[in-house]
$ cat structure-v4.csv   # CSV, C-alpha atoms
chain,number,residue,atom,x,y,z
E,10,MET,CA,-45.2,28.9,-127.8
E,11,LEU,CA,-45.6,25.2,-127.5
E,12,THR,CA,-47.1,23.7,-124.3
E,13,LYS,CA,-46.0,20.4,-123.0
E,14,GLU,CA,-48.6,17.8,-122.4
E,15,LYS,CA,-48.4,16.1,-119.1
E,16,GLN,CA,-47.7,12.4,-119.1
E,17,THR,CA,-50.6,10.3,-117.8
E,18,GLN,CA,-51.2,6.8,-116.7
E,19,LYS,CA,-54.4,4.9,-117.3
E,20,PHE,CA,-55.9,3.1,-114.3
E,21,TYR,CA,-58.8,0.9,-115.3
E,22,TRP,CA,-61.9,0.0,-113.3
E,23,LEU,CA,-61.4,-3.7,-112.5
E,24,LYS,CA,-63.8,-6.5,-111.9
E,25,TYR,CA,-63.3,-9.3,-109.3
E,26,GLU,CA,-65.8,-12.2,-109.4
E,27,ILE,CA,-67.2,-13.4,-106.1
E,28,SER,CA,-66.6,-17.0,-107.1
E,29,THR,CA,-63.0,-16.2,-107.8
E,30,ILE,CA,-62.7,-14.5,-104.4
E,31,GLN,CA,-64.1,-17.5,-102.7
E,32,SER,CA,-61.6,-19.7,-104.5
E,33,MET,CA,-58.8,-17.5,-103.2
E,34,ILE,CA,-60.0,-17.9,-99.6
E,35,LEU,CA,-60.3,-21.7,-100.0
E,36,ASN,CA,-56.8,-21.9,-101.6
E,37,SER,CA,-55.1,-19.7,-99.0
E,38,PRO,CA,-55.4,-21.3,-95.6
E,39,GLY,CA,-55.1,-18.8,-92.8
E,40,ILE,CA,-55.6,-15.8,-95.1
E,41,ASP,CA,-55.7,-12.4,-93.3
E,42,GLN,CA,-55.6,-9.9,-96.1
E,43,PHE,CA,-55.9,-9.6,-99.9
E,44,VAL,CA,-52.9,-7.9,-101.4
E,45,PHE,CA,-53.4,-6.2,-104.8
E,46,CYS,CA,-50.2,-5.7,-106.8
E,47,TYR,CA,-49.9,-3.7,-110.1
E,48,PHE,CA,-49.8,-5.7,-113.3
E,49,PHE,CA,-48.7,-4.4,-116.6
E,50,PRO,CA,-50.0,-6.8,-119.3
E,51,ASP,CA,-48.2,-7.7,-122.5
E,52,THR,CA,-50.0,-5.4,-124.9
E,53,ASP,CA,-49.6,-3.3,-128.0
E,54,LYS,CA,-52.1,-0.7,-126.9
E,55,LYS,CA,-50.7,2.7,-126.6
E,56,GLU,CA,-52.7,3.6,-123.5
E,57,LYS,CA,-50.5,1.5,-121.3
E,58,PRO,CA,-53.1,-0.2,-119.1
E,59,LEU,CA,-52.4,-1.1,-115.5
E,60,GLN,CA,-54.3,-3.8,-113.8
E,61,LEU,CA,-54.1,-5.6,-110.5
E,62,ILE,CA,-53.2,-9.1,-109.4
E,63,ALA,CA,-54.6,-10.4,-106.1
E,64,TYR,CA,-52.7,-12.5,-103.6
E,65,GLY,CA,-53.7,-13.9,-100.2
E,66,TYR,CA,-51.5,-12.9,-97.3
E,67,MET,CA,-51.3,-15.2,-94.2
E,68,ALA,CA,-49.8,-13.2,-91.2
E,69,ASP,CA,-49.4,-16.3,-89.0
E,70,THR,CA,-46.9,-17.8,-91.4
E,71,ASN,CA,-45.7,-14.5,-93.0
E,72,GLN,CA,-46.5,-15.9,-96.4
E,73,TYR,CA,-48.2,-14.9,-99.6
E,74,SER,CA,-50.3,-17.5,-101.4
E,75,SER,CA,-48.9,-19.1,-104.5
E,76,TYR,CA,-52.4,-18.9,-105.8
E,77,PHE,CA,-53.3,-15.5,-107.4
E,78,ASP,CA,-56.0,-13.8,-109.5
E,79,LYS,CA,-55.8,-11.2,-112.3
E,80,LEU,CA,-58.6,-8.7,-112.0
E,81,GLU,CA,-60.4,-8.1,-115.3
E,82,VAL,CA,-60.9,-4.7,-117.0
E,83,TYR,CA,-64.5,-3.5,-116.3
E,84,ASN,CA,-66.4,-1.8,-119.2
E,85,ASN,CA,-63.2,-0.1,-120.4
E,86,SER,CA,-63.7,2.6,-117.8
E,87,ALA,CA,-60.5,4.2,-116.6
E,88,LEU,CA,-59.1,7.1,-114.7
E,89,ASP,CA,-56.2,9.0,-116.3
E,90,LEU,CA,-53.8,10.3,-113.7
E,91,SER,CA,-50.7,12.5,-114.0
E,92,GLY,CA,-48.0,12.7,-111.4
E,93,PRO,CA,-46.8,12.8,-108.9
E,94,ILE,CA,-48.5,9.5,-107.9
E,95,ILE,CA,-47.4,6.7,-105.7
E,96,MET,CA,-48.3,3.2,-106.8
E,97,SER,CA,-47.9,0.7,-103.9
E,98,ASN,CA,-49.5,-2.6,-103.1
E,99,ASN,CA,-53.1,-2.1,-102.0
E,100,LEU,CA,-54.6,-4.2,-99.1
E,101,ILE,CA,-58.1,-5.2,-98.0
E,102,SER,CA,-58.6,-7.3,-94.9
E,103,LEU,CA,-60.3,-10.6,-95.1
E,104,ALA,CA,-63.0,-9.2,-92.7
E,105,ASP,CA,-63.8,-6.3,-95.2
E,106,ILE,CA,-63.8,-8.7,-98.2
E,107,GLN,CA,-66.3,-11.0,-96.3
E,108,LEU,CA,-68.4,-7.9,-95.5
E,109,LEU,CA,-68.4,-7.0,-99.2
E,110,ILE,CA,-69.3,-10.4,-100.5
E,111,ASN,CA,-71.6,-11.7,-97.7
E,112,THR,CA,-73.7,-8.7,-96.7
E,113,PRO,CA,-77.1,-8.6,-98.4
E,114,ASP,CA,-78.5,-5.3,-99.6
E,115,VAL,CA,-81.9,-4.0,-98.4
E,116,ASN,CA,-83.6,-6.5,-100.8
E,117,GLY,CA,-81.6,-9.4,-99.5
E,118,ASP,CA,-79.4,-9.7,-102.6
E,119,LYS,CA,-75.7,-10.5,-102.5
E,120,PRO,CA,-73.2,-9.4,-105.2
E,121,ASP,CA,-72.0,-11.5,-108.1
E,122,TYR,CA,-68.8,-9.4,-108.5
E,123,LEU,CA,-66.9,-6.4,-107.1
E,124,VAL,CA,-65.7,-3.4,-109.1
E,125,PHE,CA,-62.4,-1.6,-108.0
E,126,ILE,CA,-62.6,2.0,-109.0
E,127,PRO,CA,-59.2,3.9,-109.0
E,128,ASN,CA,-58.9,7.1,-106.9
E,129,LEU,CA,-56.1,9.3,-105.6
E,130,ALA,CA,-55.6,10.2,-101.9
E,131,GLN,CA,-52.5,12.2,-100.8
E,132,GLY,CA,-50.7,11.1,-103.9
E,133,HIS,CA,-51.4,7.4,-103.4
E,134,VAL,CA,-53.5,5.4,-105.9
E,135,LEU,CA,-56.2,3.5,-104.0
E,136,TYR,CA,-59.4,1.8,-105.1
E,137,ASN,CA,-63.0,2.3,-104.0
E,138,VAL,CA,-64.9,-1.0,-104.1
E,139,LYS,CA,-68.5,-1.3,-105.2
E,140,ARG,CA,-70.7,-4.4,-105.3
E,141,PHE,CA,-72.7,-5.5,-108.4
E,142,LYS,CA,-75.4,-8.2,-109.1
E,143,ARG,CA,-76.3,-9.5,-112.6
E,144,ILE,CA,-80.0,-9.2,-113.4
E,145,ASP,CA,-81.9,-9.7,-116.7
E,146,THR,CA,-82.1,-6.0,-117.5
E,147,GLY,CA,-78.4,-5.3,-116.8
E,148,ASP,CA,-76.1,-5.2,-113.8
E,149,VAL,CA,-77.0,-3.2,-110.8
E,150,GLU,CA,-75.0,-1.8,-107.9
E,151,LEU,CA,-75.9,-3.2,-104.5
E,152,LEU,CA,-75.6,-0.7,-101.7
E,153,PHE,CA,-75.0,-1.2,-98.0
E,154,SER,CA,-78.0,-0.2,-95.9
E,155,ASN,CA,-77.0,3.2,-94.5
E,156,ASP,CA,-73.3,3.4,-95.1
E,157,PRO,CA,-72.4,6.2,-97.6
E,158,ASP,CA,-68.6,5.5,-97.4
E,159,PRO,CA,-67.4,2.8,-99.7
E,160,ILE,CA,-64.9,0.2,-98.5
E,161,LYS,CA,-61.5,1.2,-100.0
E,162,THR,CA,-58.2,-0.5,-100.5
E,163,ASN,CA,-55.4,0.7,-98.2
E,164,PRO,CA,-52.2,1.5,-100.0
E,165,SER,CA,-49.1,0.2,-98.2
E,166,PRO,CA,-47.7,2.4,-96.8
E,167,PRO,CA,-51.2,3.7,-96.0
E,168,ALA,CA,-52.3,6.9,-97.7
E,169,THR,CA,-53.7,8.0,-94.3
E,170,ILE,CA,-50.3,8.3,-92.5
E,171,SER,CA,-49.2,11.9,-91.7

$ encode --input "structure-v4.csv" --output "structure tokens"
Amino acid sequence: MLTKEKQTQKFYWLKYEISTIQSMILNSPGIDQFVFCYFFPDTDKKEKPLQLIAYGYMADTNQYSSYFDKLEVYNNSALDLSGPIIMSNNLISLADIQLLINTPDVNGDKPDYLVFIPNLAQGHVLYNVKRFKRIDTGDVELLFSNDPDPIKTNPSPPATIS
């Protein structure tokens, strides 16, 4: 008897440079949130990679920035998911982004880039966000002092609705 292999989709870990985030903030006056939309690049790779594009959202004017960033694949790490999955825009508030990029760790270090790690919650794809700093011996993760819960993107509609 032949068994059918489930179709999967590859969601890469993605890197977002702090300098690029700061440029987004500067080029998006009145930004309230970062909106992450899925991006399927022009590729001949069979694994069908999905990435994210970041836009700024300004609630006061109900506008998205014309300025956007494409997040880079990080170390070719990926999560293969099979359905059912819901892929919606993911959001992070400006306040959470500023917390991620401006809060020093216990040694007083601030990150050089963020890594978005795909995850699944109630069928929605969301991303845990970790902070990293470049050092001579290799990149290291910077932890918040006593907070074991990572900051996560919030799928829209939120994965937390019931």

$ residues_around --input "structure-v4.csv" --residues "Asn137 in chain E" --least-positions-apart "3" --cutoff "8 Å" --atoms "only C-alpha atoms" --output "list in words"
Phe125, Ile126, Pro127, Asn128, Pro159, Ile160, Lys161 and Thr162 of chain E

$ write_last_selection --input "structure-v4.csv" --atoms "C-alpha atoms" --output "mmCIF file, in the coordinates of the input"
data_model
loop_
_atom_site.group_PDB
_atom_site.id
_atom_site.type_symbol
_atom_site.label_atom_id
_atom_site.label_comp_id
_atom_site.auth_asym_id
_atom_site.auth_seq_id
_atom_site.Cartn_x
_atom_site.Cartn_y
_atom_site.Cartn_z
ATOM 1 C CA PHE E 125 -62.400 -1.600 -108.000
ATOM 2 C CA ILE E 126 -62.600 2.000 -109.000
ATOM 3 C CA PRO E 127 -59.200 3.900 -109.000
ATOM 4 C CA ASN E 128 -58.900 7.100 -106.900
ATOM 5 C CA PRO E 159 -67.400 2.800 -99.700
ATOM 6 C CA ILE E 160 -64.900 0.200 -98.500
ATOM 7 C CA LYS E 161 -61.500 1.200 -100.000
ATOM 8 C CA THR E 162 -58.200 -0.500 -100.500
#

$ closest_atom_pairs --input "structure-v4.csv" --of "range 78-119 of chain E" --to "range 19-39 of chain E" --cutoff "7 Å" --atoms "all atoms listed in the file" --output "JSON lines"
{"residue": "E:Leu80", "atom": "CA", "partner": "E:Tyr25", "partner_atom": "CA", "distance": 5.5}
{"residue": "E:Glu81", "atom": "CA", "partner": "E:Lys24", "partner_atom": "CA", "distance": 5.1}
{"residue": "E:Val82", "atom": "CA", "partner": "E:Leu23", "partner_atom": "CA", "distance": 4.6}
{"residue": "E:Tyr83", "atom": "CA", "partner": "E:Leu23", "partner_atom": "CA", "distance": 4.9}
{"residue": "E:Asn85", "atom": "CA", "partner": "E:Tyr21", "partner_atom": "CA", "distance": 6.8}
{"residue": "E:Ser86", "atom": "CA", "partner": "E:Trp22", "partner_atom": "CA", "distance": 5.5}
{"residue": "E:Ala87", "atom": "CA", "partner": "E:Tyr21", "partner_atom": "CA", "distance": 3.9}
{"residue": "E:Leu88", "atom": "CA", "partner": "E:Phe20", "partner_atom": "CA", "distance": 5.1}
{"residue": "E:Asp89", "atom": "CA", "partner": "E:Lys19", "partner_atom": "CA", "distance": 4.6}
{"residue": "E:Leu90", "atom": "CA", "partner": "E:Lys19", "partner_atom": "CA", "distance": 6.5}
{"residue": "E:Ile110", "atom": "CA", "partner": "E:Ile27", "partner_atom": "CA", "distance": 6.7}

$ closest_residue --input "structure-v4.csv" --among "E:Leu123, E:Leu108, E:Leu151, E:Ile94" --to "Val138 in chain E" --atoms "all atoms listed in the file"
E:Leu123

$ residues_around --input "structure-v4.csv" --residues "Glu150 in chain E" --least-positions-apart "5" --cutoff "8 Å" --atoms "only C-alpha atoms" --output "mmCIF file with C-alpha atoms, in the coordinates of the input"
data_model
loop_
_atom_site.group_PDB
_atom_site.id
_atom_site.type_symbol
_atom_site.label_atom_id
_atom_site.label_comp_id
_atom_site.auth_asym_id
_atom_site.auth_seq_id
_atom_site.Cartn_x
_atom_site.Cartn_y
_atom_site.Cartn_z
ATOM 1 C CA LYS E 139 -68.500 -1.300 -105.200
ATOM 2 C CA ARG E 140 -70.700 -4.400 -105.300
ATOM 3 C CA PHE E 141 -72.700 -5.500 -108.400
ATOM 4 C CA LYS E 142 -75.400 -8.200 -109.100
#

$ atom_distance --input "structure-v4.csv" --atom1 "CA of Asp41 in chain E" --atom2 "CA of Ala104 in chain E"
8.0 Å

$ atom_distance --input "structure-v4.csv" --atom1 "CA of Gly117 in chain E" --atom2 "CA of Asp145 in chain E"
17.2 Å

$ residues_near_point --input "structure-v4.csv" --point "(-45.7, 14.9, -120.2)" --cutoff "12 Å" --atoms "all atoms listed in the file" --output "number ranges by chain"
E: 12-18, 90-93

$ residues_around --input "structure-v4.csv" --residues "range 75-77 of chain E" --least-positions-apart "4" --cutoff "7 Å" --atoms "only C-alpha atoms" --output "list in words"
Asn36, Ile62, Ala63 and Tyr64 of chain E

$ build_atoms --input "structure-v4.csv" --residues "range 111-136 of chain E" --atoms "N, CA, C and O atoms" --output "PDB file, in the coordinates of the input"
ATOM      1  N   ASN E 111     -70.587 -11.005 -98.458  1.00  0.00           N
ATOM      2  CA  ASN E 111     -71.600 -11.700 -97.700  1.00  0.00           C
ATOM      3  C   ASN E 111     -72.761 -10.911 -97.169  1.00  0.00           C
ATOM      4  O   ASN E 111     -73.753 -11.464 -96.706  1.00  0.00           O
ATOM      5  N   THR E 112     -72.643  -9.595 -97.197  1.00  0.00           N
ATOM      6  CA  THR E 112     -73.700  -8.700 -96.700  1.00  0.00           C
ATOM      7  C   THR E 112     -74.755  -8.469 -97.712  1.00  0.00           C
ATOM      8  O   THR E 112     -74.451  -7.892 -98.764  1.00  0.00           O
ATOM      9  N   PRO E 113     -75.992  -8.901 -97.459  1.00  0.00           N
ATOM     10  CA  PRO E 113     -77.100  -8.600 -98.400  1.00  0.00           C
ATOM     11  C   PRO E 113     -77.435  -7.143 -98.424  1.00  0.00           C
ATOM     12  O   PRO E 113     -77.242  -6.444 -97.429  1.00  0.00           O
ATOM     13  N   ASP E 114     -77.982  -6.679 -99.553  1.00  0.00           N
ATOM     14  CA  ASP E 114     -78.500  -5.300 -99.600  1.00  0.00           C
ATOM     15  C   ASP E 114     -79.882  -5.273 -98.946  1.00  0.00           C
ATOM     16  O   ASP E 114     -80.330  -6.271 -98.374  1.00  0.00           O
ATOM     17  N   VAL E 115     -80.570  -4.143 -99.041  1.00  0.00           N
ATOM     18  CA  VAL E 115     -81.900  -4.000 -98.400  1.00  0.00           C
ATOM     19  C   VAL E 115     -82.921  -4.952 -98.967  1.00  0.00           C
ATOM     20  O   VAL E 115     -83.917  -5.246 -98.309  1.00  0.00           O
ATOM     21  N   ASN E 116     -82.694  -5.482-100.181  1.00  0.00           N
ATOM     22  CA  ASN E 116     -83.600  -6.500-100.800  1.00  0.00           C
ATOM     23  C   ASN E 116     -83.207  -7.900-100.529  1.00  0.00           C
ATOM     24  O   ASN E 116     -83.843  -8.822-101.034  1.00  0.00           O
ATOM     25  N   GLY E 117     -82.116  -8.093 -99.789  1.00  0.00           N
ATOM     26  CA  GLY E 117     -81.600  -9.400 -99.500  1.00  0.00           C
ATOM     27  C   GLY E 117     -80.731 -10.027-100.555  1.00  0.00           C
ATOM     28  O   GLY E 117     -80.383 -11.204-100.496  1.00  0.00           O
ATOM     29  N   ASP E 118     -80.310  -9.209-101.539  1.00  0.00           N
ATOM     30  CA  ASP E 118     -79.400  -9.700-102.600  1.00  0.00           C
ATOM     31  C   ASP E 118     -77.972  -9.575-102.232  1.00  0.00           C
ATOM     32  O   ASP E 118     -77.561  -8.605-101.590  1.00  0.00           O
ATOM     33  N   LYS E 119     -77.182 -10.549-102.676  1.00  0.00           N
ATOM     34  CA  LYS E 119     -75.700 -10.500-102.500  1.00  0.00           C
ATOM     35  C   LYS E 119     -75.087 -10.309-103.863  1.00  0.00           C
ATOM     36  O   LYS E 119     -75.657 -10.665-104.896  1.00  0.00           O
ATOM     37  N   PRO E 120     -73.874  -9.746-103.887  1.00  0.00           N
ATOM     38  CA  PRO E 120     -73.200  -9.400-105.200  1.00  0.00           C
ATOM     39  C   PRO E 120     -72.715 -10.650-105.912  1.00  0.00           C
ATOM     40  O   PRO E 120     -72.424 -11.687-105.316  1.00  0.00           O
ATOM     41  N   ASP E 121     -72.581 -10.483-107.232  1.00  0.00           N
ATOM     42  CA  ASP E 121     -72.000 -11.500-108.100  1.00  0.00           C
ATOM     43  C   ASP E 121     -70.479 -11.125-108.341  1.00  0.00           C
ATOM     44  O   ASP E 121     -69.677 -11.994-108.631  1.00  0.00           O
ATOM     45  N   TYR E 122     -70.163  -9.825-108.258  1.00  0.00           N
ATOM     46  CA  TYR E 122     -68.800  -9.400-108.500  1.00  0.00           C
ATOM     47  C   TYR E 122     -68.581  -8.027-107.798  1.00  0.00           C
ATOM     48  O   TYR E 122     -69.521  -7.316-107.473  1.00  0.00           O
ATOM     49  N   LEU E 123     -67.297  -7.699-107.591  1.00  0.00           N
ATOM     50  CA  LEU E 123     -66.900  -6.400-107.100  1.00  0.00           C
ATOM     51  C   LEU E 123     -66.220  -5.612-108.169  1.00  0.00           C
ATOM     52  O   LEU E 123     -65.577  -6.193-109.049  1.00  0.00           O
ATOM     53  N   VAL E 124     -66.352  -4.289-108.109  1.00  0.00           N
ATOM     54  CA  VAL E 124     -65.700  -3.400-109.100  1.00  0.00           C
ATOM     55  C   VAL E 124     -64.736  -2.502-108.258  1.00  0.00           C
ATOM     56  O   VAL E 124     -65.166  -1.856-107.299  1.00  0.00           O
ATOM     57  N   PHE E 125     -63.466  -2.482-108.648  1.00  0.00           N
ATOM     58  CA  PHE E 125     -62.400  -1.600-108.000  1.00  0.00           C
ATOM     59  C   PHE E 125     -62.287  -0.392-108.882  1.00  0.00           C
ATOM     60  O   PHE E 125     -61.925  -0.481-110.059  1.00  0.00           O
ATOM     61  N   ILE E 126     -62.577   0.764-108.275  1.00  0.00           N
ATOM     62  CA  ILE E 126     -62.600   2.000-109.000  1.00  0.00           C
ATOM     63  C   ILE E 126     -61.384   2.868-108.504  1.00  0.00           C
ATOM     64  O   ILE E 126     -61.319   3.205-107.316  1.00  0.00           O
ATOM     65  N   PRO E 127     -60.435   3.190-109.387  1.00  0.00           N
ATOM     66  CA  PRO E 127     -59.200   3.900-109.000  1.00  0.00           C
ATOM     67  C   PRO E 127     -59.559   5.315-108.462  1.00  0.00           C
ATOM     68  O   PRO E 127     -60.489   5.967-108.933  1.00  0.00           O
ATOM     69  N   ASN E 128     -58.751   5.745-107.501  1.00  0.00           N
ATOM     70  CA  ASN E 128     -58.900   7.100-106.900  1.00  0.00           C
ATOM     71  C   ASN E 128     -57.522   7.490-106.421  1.00  0.00           C
ATOM     72  O   ASN E 128     -56.607   6.685-106.361  1.00  0.00           O
ATOM     73  N   LEU E 129     -57.390   8.749-106.051  1.00  0.00           N
ATOM     74  CA  LEU E 129     -56.100   9.300-105.600  1.00  0.00           C
ATOM     75  C   LEU E 129     -56.333   9.937-104.230  1.00  0.00           C
ATOM     76  O   LEU E 129     -57.261  10.727-104.062  1.00  0.00           O
ATOM     77  N   ALA E 130     -55.508   9.594-103.243  1.00  0.00           N
ATOM     78  CA  ALA E 130     -55.600  10.200-101.900  1.00  0.00           C
ATOM     79  C   ALA E 130     -54.149  10.486-101.445  1.00  0.00           C
ATOM     80  O   ALA E 130     -53.340   9.565-101.334  1.00  0.00           O
ATOM     81  N   GLN E 131     -53.855  11.730-101.212  1.00  0.00           N
ATOM     82  CA  GLN E 131     -52.500  12.200-100.800  1.00  0.00           C
ATOM     83  C   GLN E 131     -51.420  11.613-101.650  1.00  0.00           C
ATOM     84  O   GLN E 131     -50.378  11.192-101.169  1.00  0.00           O
ATOM     85  N   GLY E 132     -51.678  11.569-102.957  1.00  0.00           N
ATOM     86  CA  GLY E 132     -50.700  11.100-103.900  1.00  0.00           C
ATOM     87  C   GLY E 132     -50.658   9.603-104.120  1.00  0.00           C
ATOM     88  O   GLY E 132     -49.983   9.117-105.014  1.00  0.00           O
ATOM     89  N   HIS E 133     -51.377   8.838-103.292  1.00  0.00           N
ATOM     90  CA  HIS E 133     -51.400   7.400-103.400  1.00  0.00           C
ATOM     91  C   HIS E 133     -52.595   6.944-104.253  1.00  0.00           C
ATOM     92  O   HIS E 133     -53.697   7.462-104.088  1.00  0.00           O
ATOM     93  N   VAL E 134     -52.383   5.954-105.125  1.00  0.00           N
ATOM     94  CA  VAL E 134     -53.500   5.400-105.900  1.00  0.00           C
ATOM     95  C   VAL E 134     -54.128   4.310-104.977  1.00  0.00           C
ATOM     96  O   VAL E 134     -53.448   3.427-104.447  1.00  0.00           O
ATOM     97  N   LEU E 135     -55.432   4.440-104.778  1.00  0.00           N
ATOM     98  CA  LEU E 135     -56.200   3.500-104.000  1.00  0.00           C
ATOM     99  C   LEU E 135     -57.453   3.161-104.823  1.00  0.00           C
ATOM    100  O   LEU E 135     -57.693   3.760-105.863  1.00  0.00           O
ATOM    101  N   TYR E 136     -58.248   2.212-104.337  1.00  0.00           N
ATOM    102  CA  TYR E 136     -59.400   1.800-105.100  1.00  0.00           C
ATOM    103  C   TYR E 136     -60.657   1.782-104.165  1.00  0.00           C
ATOM    104  O   TYR E 136     -60.613   1.197-103.085  1.00  0.00           O
TER     105      TYR E 136
END
